[in-house]
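Participant: Sharing model.pdb here; it has PDB, C-alpha atoms, pLDDT in the B column.
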ATOM      1  CA  THR A   1       1.236 -25.233 -17.830  1.00 96.00           C
ATOM      2  CA  LEU A   2       2.841 -21.812 -18.286  1.00 98.00           C
ATOM      3  CA  VAL A   3       2.487 -18.548 -16.388  1.00 98.00           C
ATOM      4  CA  ILE A   4       3.054 -15.585 -18.719  1.00 98.00           C
ATOM      5  CA  ASP A   5       3.430 -11.818 -18.345  1.00 98.00           C
ATOM      6  CA  VAL A   6       4.645  -9.350 -20.964  1.00 98.00           C
ATOM      7  CA  GLU A   7       6.076  -5.865 -20.769  1.00 97.00           C
ATOM      8  CA  THR A   8       5.667  -3.591 -23.774  1.00 97.00           C
ATOM      9  CA  LYS A   9       7.874  -1.171 -25.671  1.00 96.00           C
ATOM     10  CA  LYS A  10       5.164   1.457 -26.076  1.00 95.00           C
ATOM     11  CA  SER A  11       2.194   2.805 -24.132  1.00 94.00           C
ATOM     12  CA  PHE A  12      -1.398   3.000 -25.364  1.00 95.00           C
ATOM     13  CA  ALA A  13      -0.923   6.762 -25.797  1.00 94.00           C
ATOM     14  CA  GLU A  14       1.953   6.113 -28.199  1.00 94.00           C
ATOM     15  CA  VAL A  15      -0.027   3.760 -30.455  1.00 94.00           C
ATOM     16  CA  GLY A  16      -3.325   5.659 -30.555  1.00 93.00           C
ATOM     17  CA  GLY A  17      -5.258   3.844 -27.847  1.00 93.00           C
ATOM     18  CA  GLU A  18      -6.343   0.373 -26.839  1.00 92.00           C
ATOM     19  CA  ARG A  19      -7.746  -0.457 -30.286  1.00 94.00           C
ATOM     20  CA  ASN A  20      -4.113  -0.631 -31.491  1.00 94.00           C
ATOM     21  CA  ILE A  21      -2.968  -2.990 -28.732  1.00 95.00           C
ATOM     22  CA  ARG A  22      -1.188  -5.242 -31.240  1.00 93.00           C
ATOM     23  CA  GLN A  23       1.231  -2.378 -32.004  1.00 94.00           C
ATOM     24  CA  LEU A  24       2.585  -2.067 -28.436  1.00 96.00           C
ATOM     25  CA  GLY A  25       5.496  -4.443 -29.055  1.00 96.00           C
ATOM     26  CA  ILE A  26       7.185  -6.620 -26.450  1.00 97.00           C
ATOM     27  CA  SER A  27      10.283  -5.571 -24.548  1.00 97.00           C
ATOM     28  CA  VAL A  28      10.308  -8.608 -22.228  1.00 97.00           C
ATOM     29  CA  ALA A  29       8.136 -11.693 -21.854  1.00 98.00           C
ATOM     30  CA  GLY A  30       8.334 -13.441 -18.510  1.00 98.00           C
ATOM     31  CA  VAL A  31       7.437 -17.124 -18.305  1.00 98.00           C
ATOM     32  CA  TYR A  32       7.276 -19.799 -15.652  1.00 98.00           C
ATOM     33  CA  SER A  33       7.167 -23.390 -16.904  1.00 97.00           C
ATOM     34  CA  TYR A  34       5.622 -25.881 -14.477  1.00 96.00           C
ATOM     35  CA  GLU A  35       7.113 -28.757 -16.443  1.00 95.00           C
ATOM     36  CA  LYS A  36      10.668 -27.457 -16.151  1.00 95.00           C
ATOM     37  CA  ASN A  37      10.151 -25.581 -12.843  1.00 97.00           C
ATOM     38  CA  GLN A  38      11.975 -22.719 -14.547  1.00 97.00           C
ATOM     39  CA  PHE A  39      11.586 -18.952 -14.984  1.00 98.00           C
ATOM     40  CA  LEU A  40      12.590 -17.365 -18.290  1.00 98.00           C
ATOM     41  CA  ALA A  41      12.871 -13.677 -19.212  1.00 98.00           C
ATOM     42  CA  LEU A  42      12.851 -13.384 -22.990  1.00 97.00           C
ATOM     43  CA  GLU A  43      13.595 -10.288 -25.048  1.00 97.00           C
ATOM     44  CA  GLU A  44      11.849  -9.534 -28.339  1.00 95.00           C
ATOM     45  CA  HIS A  45      14.442 -11.377 -30.451  1.00 96.00           C
ATOM     46  CA  GLN A  46      13.937 -14.538 -28.315  1.00 96.00           C
ATOM     47  CA  LEU A  47      10.155 -14.817 -28.686  1.00 96.00           C
ATOM     48  CA  ASP A  48      10.423 -17.894 -30.915  1.00 96.00           C
ATOM     49  CA  THR A  49      11.294 -19.727 -27.669  1.00 96.00           C
ATOM     50  CA  LEU A  50       8.040 -18.477 -26.120  1.00 96.00           C
ATOM     51  CA  GLU A  51       6.039 -19.523 -29.183  1.00 96.00           C
ATOM     52  CA  ALA A  52       7.474 -23.039 -28.956  1.00 96.00           C
ATOM     53  CA  LEU A  53       6.517 -23.209 -25.260  1.00 96.00           C
ATOM     54  CA  VAL A  54       2.959 -22.029 -25.979  1.00 96.00           C
ATOM     55  CA  LYS A  55       2.560 -24.538 -28.823  1.00 95.00           C
ATOM     56  CA  ASN A  56       3.420 -27.347 -26.394  1.00 94.00           C
ATOM     57  CA  ALA A  57       1.306 -26.009 -23.528  1.00 95.00           C
ATOM     58  CA  GLY A  58      -2.196 -27.112 -22.627  1.00 93.00           C
ATOM     59  CA  HIS A  59      -2.807 -24.391 -20.056  1.00 96.00           C
ATOM     60  CA  ILE A  60      -1.584 -20.832 -19.584  1.00 97.00           C
ATOM     61  CA  ILE A  61      -2.127 -18.606 -16.575  1.00 97.00           C
ATOM     62  CA  GLY A  62      -1.901 -14.832 -16.454  1.00 98.00           C
ATOM     63  CA  PHE A  63      -3.260 -11.631 -15.021  1.00 97.00           C
ATOM     64  CA  ASN A  64      -5.438  -9.824 -17.599  1.00 97.00           C
ATOM     65  CA  ILE A  65      -3.873 -12.171 -20.126  1.00 97.00           C
ATOM     66  CA  ASN A  66      -6.998 -12.447 -22.300  1.00 95.00           C
ATOM     67  CA  HIS A  67      -7.329  -8.723 -22.978  1.00 95.00           C
ATOM     68  CA  PHE A  68      -3.704  -7.649 -22.759  1.00 97.00           C
ATOM     69  CA  ASP A  69      -0.881 -10.192 -22.940  1.00 97.00           C
ATOM     70  CA  ILE A  70      -2.353 -12.485 -25.611  1.00 96.00           C
ATOM     71  CA  PRO A  71      -3.275  -9.649 -28.029  1.00 96.00           C
ATOM     72  CA  VAL A  72       0.215  -8.155 -27.518  1.00 97.00           C
ATOM     73  CA  MET A  73       1.871 -11.538 -28.235  1.00 97.00           C
ATOM     74  CA  GLU A  74      -0.262 -12.510 -31.266  1.00 95.00           C
ATOM     75  CA  PRO A  75       1.626 -10.445 -33.891  1.00 96.00           C
ATOM     76  CA  TYR A  76       4.819 -12.348 -33.018  1.00 96.00           C
ATOM     77  CA  PHE A  77       3.331 -15.842 -33.309  1.00 95.00           C
ATOM     78  CA  SER A  78       1.816 -18.079 -35.974  1.00 92.00           C
ATOM     79  CA  GLU A  79      -1.904 -17.563 -36.425  1.00 91.00           C
ATOM     80  CA  GLY A  80      -4.067 -19.595 -34.057  1.00 90.00           C
ATOM     81  CA  VAL A  81      -1.248 -20.568 -31.691  1.00 92.00           C
ATOM     82  CA  PHE A  82      -3.459 -19.843 -28.659  1.00 92.00           C
ATOM     83  CA  SER A  83      -6.551 -21.623 -30.002  1.00 89.00           C
ATOM     84  CA  HIS A  84      -5.787 -25.006 -28.376  1.00 89.00           C
ATOM     85  CA  VAL A  85      -4.746 -23.609 -24.984  1.00 93.00           C
ATOM     86  CA  THR A  86      -6.956 -23.327 -21.902  1.00 94.00           C
ATOM     87  CA  VAL A  87      -6.477 -19.938 -20.260  1.00 96.00           C
ATOM     88  CA  THR A  88      -6.849 -19.047 -16.585  1.00 96.00           C
ATOM     89  CA  ASP A  89      -7.106 -15.260 -16.304  1.00 97.00           C
ATOM     90  CA  ILE A  90      -6.899 -14.321 -12.610  1.00 97.00           C
ATOM     91  CA  TYR A  91      -7.901 -10.725 -13.365  1.00 96.00           C
ATOM     92  CA  ALA A  92     -11.010 -11.749 -15.314  1.00 95.00           C
ATOM     93  CA  ASP A  93     -12.106 -14.129 -12.556  1.00 95.00           C
ATOM     94  CA  ALA A  94     -11.657 -11.408  -9.914  1.00 94.00           C
ATOM     95  CA  VAL A  95     -13.483  -8.753 -11.951  1.00 93.00           C
ATOM     96  CA  GLN A  96     -16.345 -11.122 -12.724  1.00 93.00           C
ATOM     97  CA  PHE A  97     -16.922 -11.593  -8.991  1.00 91.00           C
ATOM     98  CA  LEU A  98     -16.211  -8.031  -7.815  1.00 90.00           C
ATOM     99  CA  GLY A  99     -17.819  -6.087 -10.642  1.00 88.00           C
ATOM    100  CA  HIS A 100     -14.853  -3.689 -10.747  1.00 89.00           C
ATOM    101  CA  ARG A 101     -11.162  -3.675 -11.638  1.00 90.00           C
ATOM    102  CA  VAL A 102      -8.498  -4.898  -9.235  1.00 92.00           C
ATOM    103  CA  GLY A 103      -4.729  -4.820  -9.543  1.00 92.00           C
ATOM    104  CA  LEU A 104      -2.193  -7.603  -9.241  1.00 95.00           C
ATOM    105  CA  GLY A 105      -0.579  -5.651  -6.408  1.00 93.00           C
ATOM    106  CA  ALA A 106      -3.818  -5.495  -4.414  1.00 92.00           C
ATOM    107  CA  LEU A 107      -4.295  -9.271  -4.729  1.00 95.00           C
ATOM    108  CA  GLY A 108      -0.622 -10.052  -4.073  1.00 95.00           C
ATOM    109  CA  ASN A 109      -0.462  -7.861  -0.979  1.00 93.00           C
ATOM    110  CA  ALA A 110      -3.634  -9.178   0.620  1.00 94.00           C
ATOM    111  CA  THR A 111      -3.261 -12.844  -0.351  1.00 96.00           C
ATOM    112  CA  LEU A 112       0.494 -13.417  -0.210  1.00 96.00           C
ATOM    113  CA  GLY A 113       1.863 -10.431   1.702  1.00 94.00           C
ATOM    114  CA  VAL A 114       3.999  -9.645  -1.361  1.00 93.00           C
ATOM    115  CA  ALA A 115       4.232  -6.239  -3.033  1.00 90.00           C
ATOM    116  CA  LYS A 116       4.927  -5.617  -6.713  1.00 91.00           C
ATOM    117  CA  SER A 117       8.495  -4.540  -7.421  1.00 89.00           C
ATOM    118  CA  GLY A 118       7.524  -1.849  -9.933  1.00 87.00           C
ATOM    119  CA  ASN A 119       4.834  -0.788 -12.381  1.00 87.00           C
ATOM    120  CA  GLY A 120       4.210  -0.711 -16.097  1.00 86.00           C
ATOM    121  CA  LEU A 121       5.116   2.954 -16.497  1.00 88.00           C
ATOM    122  CA  GLU A 122       8.499   2.327 -14.879  1.00 93.00           C
ATOM    123  CA  ALA A 123       9.039  -0.620 -17.235  1.00 94.00           C
ATOM    124  CA  LEU A 124       8.381   1.649 -20.241  1.00 94.00           C
ATOM    125  CA  GLN A 125      10.907   4.175 -18.916  1.00 95.00           C
ATOM    126  CA  TRP A 126      13.467   1.423 -18.304  1.00 95.00           C
ATOM    127  CA  PHE A 127      13.009   0.254 -21.899  1.00 96.00           C
ATOM    128  CA  ARG A 128      13.675   3.771 -23.200  1.00 94.00           C
ATOM    129  CA  GLU A 129      16.808   3.864 -21.048  1.00 96.00           C
ATOM    130  CA  GLY A 130      17.957   0.400 -22.182  1.00 95.00           C
ATOM    131  CA  LYS A 131      17.722  -1.051 -18.657  1.00 96.00           C
ATOM    132  CA  MET A 132      16.616  -4.503 -19.766  1.00 97.00           C
ATOM    133  CA  ASP A 133      17.787  -6.216 -16.559  1.00 97.00           C
ATOM    134  CA  LEU A 134      15.397  -4.071 -14.492  1.00 97.00           C
ATOM    135  CA  ILE A 135      12.496  -4.958 -16.810  1.00 97.00           C
ATOM    136  CA  LYS A 136      13.346  -8.664 -16.609  1.00 97.00           C
ATOM    137  CA  THR A 137      13.451  -8.609 -12.818  1.00 97.00           C
ATOM    138  CA  TYR A 138      10.156  -6.706 -12.590  1.00 97.00           C
ATOM    139  CA  CYS A 139       8.444  -8.942 -15.153  1.00 97.00           C
ATOM    140  CA  LEU A 140       9.548 -12.171 -13.473  1.00 98.00           C
ATOM    141  CA  ASP A 141       8.465 -10.801 -10.088  1.00 97.00           C
ATOM    142  CA  ASP A 142       4.968 -10.343 -11.556  1.00 97.00           C
ATOM    143  CA  VAL A 143       5.085 -13.875 -13.003  1.00 98.00           C
ATOM    144  CA  LYS A 144       5.975 -15.238  -9.559  1.00 98.00           C
ATOM    145  CA  ILE A 145       3.127 -13.309  -7.879  1.00 98.00           C
ATOM    146  CA  THR A 146       0.704 -14.564 -10.548  1.00 98.00           C
ATOM    147  CA  ARG A 147       1.869 -18.161 -10.118  1.00 98.00           C
ATOM    148  CA  ASP A 148       1.665 -17.972  -6.337  1.00 98.00           C
ATOM    149  CA  LEU A 149      -1.824 -16.412  -6.461  1.00 97.00           C
ATOM    150  CA  TYR A 150      -2.948 -19.237  -8.718  1.00 97.00           C
ATOM    151  CA  GLU A 151      -1.496 -21.861  -6.380  1.00 97.00           C
ATOM    152  CA  TYR A 152      -3.071 -20.189  -3.337  1.00 96.00           C
ATOM    153  CA  GLY A 153      -6.464 -20.002  -5.050  1.00 95.00           C
ATOM    154  CA  LYS A 154      -6.219 -23.603  -6.227  1.00 94.00           C
ATOM    155  CA  LYS A 155      -5.451 -24.770  -2.693  1.00 94.00           C
ATOM    156  CA  HIS A 156      -7.832 -22.532  -0.709  1.00 93.00           C
ATOM    157  CA  GLY A 157     -10.671 -21.865  -3.184  1.00 93.00           C
ATOM    158  CA  HIS A 158     -10.285 -18.085  -2.899  1.00 94.00           C
ATOM    159  CA  VAL A 159      -7.850 -15.204  -3.136  1.00 96.00           C
ATOM    160  CA  LEU A 160      -7.897 -11.998  -1.086  1.00 95.00           C
ATOM    161  CA  PHE A 161      -7.825  -8.281  -1.803  1.00 92.00           C
ATOM    162  CA  GLU A 162      -7.941  -5.104   0.231  1.00 86.00           C
ATOM    163  CA  SER A 163     -10.830  -2.855  -0.738  1.00 83.00           C
ATOM    164  CA  PHE A 164     -10.198   0.858  -1.215  1.00 79.00           C
ATOM    165  CA  MET A 165     -13.827   1.413  -0.207  1.00 79.00           C
ATOM    166  CA  ASP A 166     -13.645   0.130   3.368  1.00 84.00           C
ATOM    167  CA  TYR A 167      -9.937  -0.829   3.636  1.00 83.00           C
ATOM    168  CA  LYS A 168     -10.894  -4.334   4.742  1.00 87.00           C
ATOM    169  CA  ILE A 169      -9.649  -7.637   3.393  1.00 91.00           C
ATOM    170  CA  HIS A 170     -12.253  -9.423   1.281  1.00 89.00           C
ATOM    171  CA  SER A 171     -12.337 -12.893  -0.270  1.00 93.00           C
ATOM    172  CA  ILE A 172     -12.849 -13.662  -3.969  1.00 94.00           C
ATOM    173  CA  PRO A 173     -13.986 -17.259  -4.527  1.00 94.00           C
ATOM    174  CA  VAL A 174     -12.226 -19.093  -7.375  1.00 93.00           C
ATOM    175  CA  SER A 175     -12.359 -22.608  -8.782  1.00 91.00           C
ATOM    176  CA  TRP A 176      -8.930 -23.448 -10.119  1.00 89.00           C
ATOM    177  CA  GLU A 177      -8.801 -27.025  -8.781  1.00 72.00           C
ATOM    178  CA  GLY A 178      -7.209 -28.618 -11.808  1.00 55.00           C
ATOM    179  CA  SER A 179      -4.828 -27.444 -14.472  1.00 44.00           C
ATOM    180  CA  GLY A 180      -7.760 -26.293 -16.564  1.00 48.00           C
ATOM    181  CA  GLN A 181     -10.096 -27.915 -19.034  1.00 46.00           C
ATOM    182  CA  ALA A 182     -10.612 -27.272 -22.691  1.00 52.00           C
ATOM    183  CA  PRO A 183     -13.533 -24.805 -23.014  1.00 56.00           C
ATOM    184  CA  VAL A 184     -15.785 -27.250 -24.903  1.00 61.00           C
ATOM    185  CA  ALA A 185     -15.226 -29.994 -22.314  1.00 62.00           C
ATOM    186  CA  LEU A 186     -15.853 -27.492 -19.535  1.00 65.00           C
ATOM    187  CA  LEU A 187     -19.200 -26.461 -21.043  1.00 72.00           C
ATOM    188  CA  GLN A 188     -20.188 -30.062 -21.746  1.00 73.00           C
ATOM    189  CA  ASN A 189     -19.463 -31.081 -18.143  1.00 72.00           C
ATOM    190  CA  ALA A 190     -21.436 -28.100 -16.829  1.00 74.00           C
ATOM    191  CA  PHE A 191     -24.365 -29.026 -19.080  1.00 80.00           C
ATOM    192  CA  ASN A 192     -24.235 -32.665 -17.953  1.00 80.00           C
ATOM    193  CA  ASP A 193     -24.161 -31.609 -14.289  1.00 79.00           C
ATOM    194  CA  ARG A 194     -26.909 -29.003 -14.837  1.00 83.00           C
ATOM    195  CA  ARG A 195     -24.585 -26.180 -13.756  1.00 75.00           C
ATOM    196  CA  ARG A 196     -24.169 -22.676 -15.133  1.00 72.00           C
TER     197      ARG A 196
END
For the structure just supplied, provide its representation as structure tokens.

Facilitator:
Amino acid sequence: TLVIDVETKKSFAEVGGERNIRQLGISVAGVYSYEKNQFLALEEHQLDTLEALVKNAGHIIGFNINHFDIPVMEPYFSEGVFSHVTVTDIYADAVQFLGHRVGLGALGNATLGVAKSGNGLEALQWFREGKMDLIKTYCLDDVKITRDLYEYGKKHGHVLFESFMDYKIHSIPVSWEGSGQAPVALLQNAFNDRRR
């Protein structure tokens, strides 16, 4: 199992919008490997290491990884490298329940009492200034928050967020008991158990 977060070299404005997400480029990819109990911050020229990790992984965890990190990584990797991997997207699970967007910071603050150490716009500025160490620290901080949210949700069956509507802490139920199942097996088990 891997936890992955990527920081880009360009913004959506610089590449002509979200439809050109594959052109954003990667400045730093942050990874936590459960197997090795190790954090890695990889620059663009080291992404072959990340591809090798993904090829050997059965499960990857991220925050908005399905609609952001994976499309950004795909141009760097062999075709279909993500096809065998089960993905847990904390953002997608939260949005599906809430019906609106929520940030990693909002979940991290409410659930773990941990604030983000920066934001994506700062990471873009740091890249322009060549401050790769700052990007690596920020990226790995986000990886740690993502990992810890996953572990909290797996243990407690929910994560928390503070609503900007009523400024109260609310619970988001999640079912991350195991390390993930292949999508076909997951659907087959649901069908067998007469569950949606």

Participant: Please identify all polymer residues within 6 Å of range 43-49 of chain A, counting only C-alpha atoms, omitting same-chain residues fewer than 4 positions from it, and present them as a ChimeraX atom specification.

Facilitator: /A:26-28

Participant: Tell me, as a list in words, which residues lie within 7 Å of Gly157 in chain A, counting only C-alpha atoms; anything in the same chain fewer than 4 positions away does not count.

Facilitator: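 Residues meeting the cut-off are Gly153, Pro173, Val174 and Ser175 of chain A.
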
Participant: Given all atoms listed in the file as the basis, pick out the residue of A:Asn56, A:Gln188, A:Thr146, A:Ser171 nearest to Tyr32 in chain A.

Facilitator: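 Of the candidates, the smallest distance to Tyr32 in chain A is held by A:Thr146.
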
Participant: Calculated over all atoms listed in the file, which of the candidates A:Leu140, A:Gly118, A:Arg22, A:Gly108 has the smallest distance to Ile4 in chain A?

Facilitator: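 Using all atoms listed in the file, Ile4 in chain A sits closest to A:Leu140.
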
Participant: Determine the residue membership of the PyMOL selection byres ((chain A and resi 144) around 10) for the file above and supply it as a list of chain:residue names.

Facilitator: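 In the shown coordinates, the PyMOL selection byres ((chain A and resi 144) around 10) covers A:Val3, A:Ile4, A:Asp5, A:Gly30, A:Val31, A:Tyr32, A:Phe39, A:Tyr138, A:Cys139, A:Leu140, A:Asp141, A:Asp142, A:Val143, A:Ile145, A:Thr146, A:Arg147, A:Asp148, A:Leu149, A:Tyr150.
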
Participant: Let me see the file: selected residues, C-alpha atoms, as a PDB file, in the frame of the given file.

Facilitator:
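The file below, again31.pdb, is the result:
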ATOM      1  CA  VAL A   3       2.487 -18.548 -16.388  1.00 98.00           C
ATOM      2  CA  ILE A   4       3.054 -15.585 -18.719  1.00 98.00           C
ATOM      3  CA  ASP A   5       3.430 -11.818 -18.345  1.00 98.00           C
ATOM      4  CA  GLY A  30       8.334 -13.441 -18.510  1.00 98.00           C
ATOM      5  CA  VAL A  31       7.437 -17.124 -18.305  1.00 98.00           C
ATOM      6  CA  TYR A  32       7.276 -19.799 -15.652  1.00 98.00           C
ATOM      7  CA  PHE A  39      11.586 -18.952 -14.984  1.00 98.00           C
ATOM      8  CA  TYR A 138      10.156  -6.706 -12.590  1.00 97.00           C
ATOM      9  CA  CYS A 139       8.444  -8.942 -15.153  1.00 97.00           C
ATOM     10  CA  LEU A 140       9.548 -12.171 -13.473  1.00 98.00           C
ATOM     11  CA  ASP A 141       8.465 -10.801 -10.088  1.00 97.00           C
ATOM     12  CA  ASP A 142       4.968 -10.343 -11.556  1.00 97.00           C
ATOM     13  CA  VAL A 143       5.085 -13.875 -13.003  1.00 98.00           C
ATOM     14  CA  ILE A 145       3.127 -13.309  -7.879  1.00 98.00           C
ATOM     15  CA  THR A 146       0.704 -14.564 -10.548  1.00 98.00           C
ATOM     16  CA  ARG A 147       1.869 -18.161 -10.118  1.00 98.00           C
ATOM     17  CA  ASP A 148       1.665 -17.972  -6.337  1.00 98.00           C
ATOM     18  CA  LEU A 149      -1.824 -16.412  -6.461  1.00 97.00           C
ATOM     19  CA  TYR A 150      -2.948 -19.237  -8.718  1.00 97.00           C
TER      20      TYR A 150
END

Participant: On this structure, the PyMOL selection byres ((chain A and resi 54) around 10) would catch which residues? List them as a ChimeraX atom specification, sorted by chain and number.

Facilitator: /A:1-2,4,48-53,55-60,77,81-82,84-85

Participant: Now that the selection is made, can you save its residues with C-alpha atoms as a PDB file, in the frame of the given file?

Facilitator:
ATOM      1  CA  THR A   1       1.236 -25.233 -17.830  1.00 96.00           C
ATOM      2  CA  LEU A   2       2.841 -21.812 -18.286  1.00 98.00           C
ATOM      3  CA  ILE A   4       3.054 -15.585 -18.719  1.00 98.00           C
ATOM      4  CA  ASP A  48      10.423 -17.894 -30.915  1.00 96.00           C
ATOM      5  CA  THR A  49      11.294 -19.727 -27.669  1.00 96.00           C
ATOM      6  CA  LEU A  50       8.040 -18.477 -26.120  1.00 96.00           C
ATOM      7  CA  GLU A  51       6.039 -19.523 -29.183  1.00 96.00           C
ATOM      8  CA  ALA A  52       7.474 -23.039 -28.956  1.00 96.00           C
ATOM      9  CA  LEU A  53       6.517 -23.209 -25.260  1.00 96.00           C
ATOM     10  CA  LYS A  55       2.560 -24.538 -28.823  1.00 95.00           C
ATOM     11  CA  ASN A  56       3.420 -27.347 -26.394  1.00 94.00           C
ATOM     12  CA  ALA A  57       1.306 -26.009 -23.528  1.00 95.00           C
ATOM     13  CA  GLY A  58      -2.196 -27.112 -22.627  1.00 93.00           C
ATOM     14  CA  HIS A  59      -2.807 -24.391 -20.056  1.00 96.00           C
ATOM     15  CA  ILE A  60      -1.584 -20.832 -19.584  1.00 97.00           C
ATOM     16  CA  PHE A  77       3.331 -15.842 -33.309  1.00 95.00           C
ATOM     17  CA  VAL A  81      -1.248 -20.568 -31.691  1.00 92.00           C
ATOM     18  CA  PHE A  82      -3.459 -19.843 -28.659  1.00 92.00           C
ATOM     19  CA  HIS A  84      -5.787 -25.006 -28.376  1.00 89.00           C
ATOM     20  CA  VAL A  85      -4.746 -23.609 -24.984  1.00 93.00           C
TER      21      VAL A  85
END

Participant: Quick one: residues within 7 Å of Asp89 in chain A, only C-alpha atoms counted, chain neighbours fewer than 2 positions away excluded, as an NGL selection string?

Facilitator: :A and (61-66 or 87 or 91-93)

Participant: For the atom pair CA of Phe12 in chain A and CA of Glu79 in chain A, what is the interatomic distance in Å to one decimal place?

Facilitator: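 Separation between CA of Phe12 in chain A and CA of Glu79 in chain A: 23.4 Å.
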
Participant: Which polymer residues have any atom within 10 Å of an atom of Leu124 in chain A, counting all atoms listed in the file, with same-chain residues fewer than 5 positions away left out, as number ranges by chain?

Facilitator: A: 7-11, 27, 119, 129-131, 135

Participant: To one decimal in Å, tell me the separation between CA of Gly16 in chain A and CA of Gly103 in chain A.

Facilitator: 23.5 Å

Participant: Expand the PyMOL selection byres ((chain A and resi 23) around 9) into the explicit residue set it covers here, and present it as a VMD selection string.

Facilitator: chain A and resid 10 12 15 20 to 22 24 to 25 72 75

Participant: CA of Leu121 in chain A to CA of Phe68 in chain A: how many Å, to one decimal?

Facilitator: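 If I compute the distance from CA of Leu121 in chain A to CA of Phe68 in chain A, I get 15.1 Å.
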
Participant: Around all listed atoms of range 50-55 of chain A, padded 5 Å per side, what centre and edge lengths does the axis-aligned box have in Å to one decimal, as AutoDock Vina command-line options?

Facilitator:
--center_x 5.3 --center_y -21.5 --center_z -27.2 --size_x 15.5 --size_y 16.1 --size_z 13.9

Participant: Nearest to Trp176 in chain A among A:Val95, A:Ile90, A:Ala123, A:Ala13, with distances taken over only C-alpha atoms: which residue is it?

Facilitator: A:Ile90

Participant: Save range 81-86 of chain A from what I just supplied, as a PDB file, in the first residue's frame, atoms limited to all heavy atoms.

Facilitator:
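Saved the output as decode_18.pdb:
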ATOM      1  N   VAL A  81      -0.426   1.424 -16.030  1.00  0.00           N
ATOM      2  CA  VAL A  81       0.263   1.072 -14.794  1.00  0.00           C
ATOM      3  C   VAL A  81      -0.672   1.123 -13.584  1.00  0.00           C
ATOM      4  O   VAL A  81      -0.467   0.402 -12.605  1.00  0.00           O
ATOM      5  CB  VAL A  81       1.509   1.972 -14.575  1.00  0.00           C
ATOM      6  CG1 VAL A  81       1.125   3.363 -14.140  1.00  0.00           C
ATOM      7  CG2 VAL A  81       2.460   1.360 -13.567  1.00  0.00           C
ATOM      8  N   PHE A  82      -1.729   1.927 -13.656  1.00  0.00           N
ATOM      9  CA  PHE A  82      -2.668   2.030 -12.535  1.00  0.00           C
ATOM     10  C   PHE A  82      -3.839   1.055 -12.640  1.00  0.00           C
ATOM     11  O   PHE A  82      -4.658   0.980 -11.730  1.00  0.00           O
ATOM     12  CB  PHE A  82      -3.225   3.451 -12.431  1.00  0.00           C
ATOM     13  CG  PHE A  82      -2.198   4.468 -12.019  1.00  0.00           C
ATOM     14  CD1 PHE A  82      -1.598   5.290 -12.965  1.00  0.00           C
ATOM     15  CD2 PHE A  82      -1.825   4.598 -10.696  1.00  0.00           C
ATOM     16  CE1 PHE A  82      -0.649   6.225 -12.589  1.00  0.00           C
ATOM     17  CE2 PHE A  82      -0.875   5.535 -10.308  1.00  0.00           C
ATOM     18  CZ  PHE A  82      -0.283   6.342 -11.257  1.00  0.00           C
ATOM     19  N   SER A  83      -3.921   0.300 -13.725  1.00  0.00           N
ATOM     20  CA  SER A  83      -5.115  -0.512 -13.979  1.00  0.00           C
ATOM     21  C   SER A  83      -5.305  -1.652 -12.971  1.00  0.00           C
ATOM     22  O   SER A  83      -6.428  -2.071 -12.718  1.00  0.00           O
ATOM     23  CB  SER A  83      -5.076  -1.086 -15.398  1.00  0.00           C
ATOM     24  OG  SER A  83      -3.943  -1.921 -15.559  1.00  0.00           O
ATOM     25  N   HIS A  84      -4.235  -2.135 -12.373  1.00  0.00           N
ATOM     26  CA  HIS A  84      -4.337  -3.279 -11.447  1.00  0.00           C
ATOM     27  C   HIS A  84      -4.454  -2.845  -9.984  1.00  0.00           C
ATOM     28  O   HIS A  84      -4.597  -3.676  -9.099  1.00  0.00           O
ATOM     29  CB  HIS A  84      -3.091  -4.169 -11.590  1.00  0.00           C
ATOM     30  CG  HIS A  84      -1.861  -3.562 -10.961  1.00  0.00           C
ATOM     31  ND1 HIS A  84      -1.171  -2.535 -11.544  1.00  0.00           N
ATOM     32  CD2 HIS A  84      -1.247  -3.815  -9.777  1.00  0.00           C
ATOM     33  CE1 HIS A  84      -0.162  -2.201 -10.760  1.00  0.00           C
ATOM     34  NE2 HIS A  84      -0.186  -2.948  -9.676  1.00  0.00           N
ATOM     35  N   VAL A  85      -4.397  -1.531  -9.739  1.00  0.00           N
ATOM     36  CA  VAL A  85      -4.300  -1.026  -8.370  1.00  0.00           C
ATOM     37  C   VAL A  85      -5.672  -0.588  -7.855  1.00  0.00           C
ATOM     38  O   VAL A  85      -6.415   0.089  -8.545  1.00  0.00           O
ATOM     39  CB  VAL A  85      -3.329   0.172  -8.310  1.00  0.00           C
ATOM     40  CG1 VAL A  85      -3.193   0.689  -6.889  1.00  0.00           C
ATOM     41  CG2 VAL A  85      -1.968  -0.201  -8.860  1.00  0.00           C
ATOM     42  N   THR A  86      -5.994  -0.986  -6.618  1.00  0.00           N
ATOM     43  CA  THR A  86      -7.185  -0.482  -5.954  1.00  0.00           C
ATOM     44  C   THR A  86      -6.866   0.885  -5.377  1.00  0.00           C
ATOM     45  O   THR A  86      -5.801   1.077  -4.784  1.00  0.00           O
ATOM     46  CB  THR A  86      -7.605  -1.438  -4.825  1.00  0.00           C
ATOM     47  OG1 THR A  86      -7.863  -2.720  -5.393  1.00  0.00           O
ATOM     48  CG2 THR A  86      -8.847  -0.942  -4.113  1.00  0.00           C
TER      49      THR A  86
END
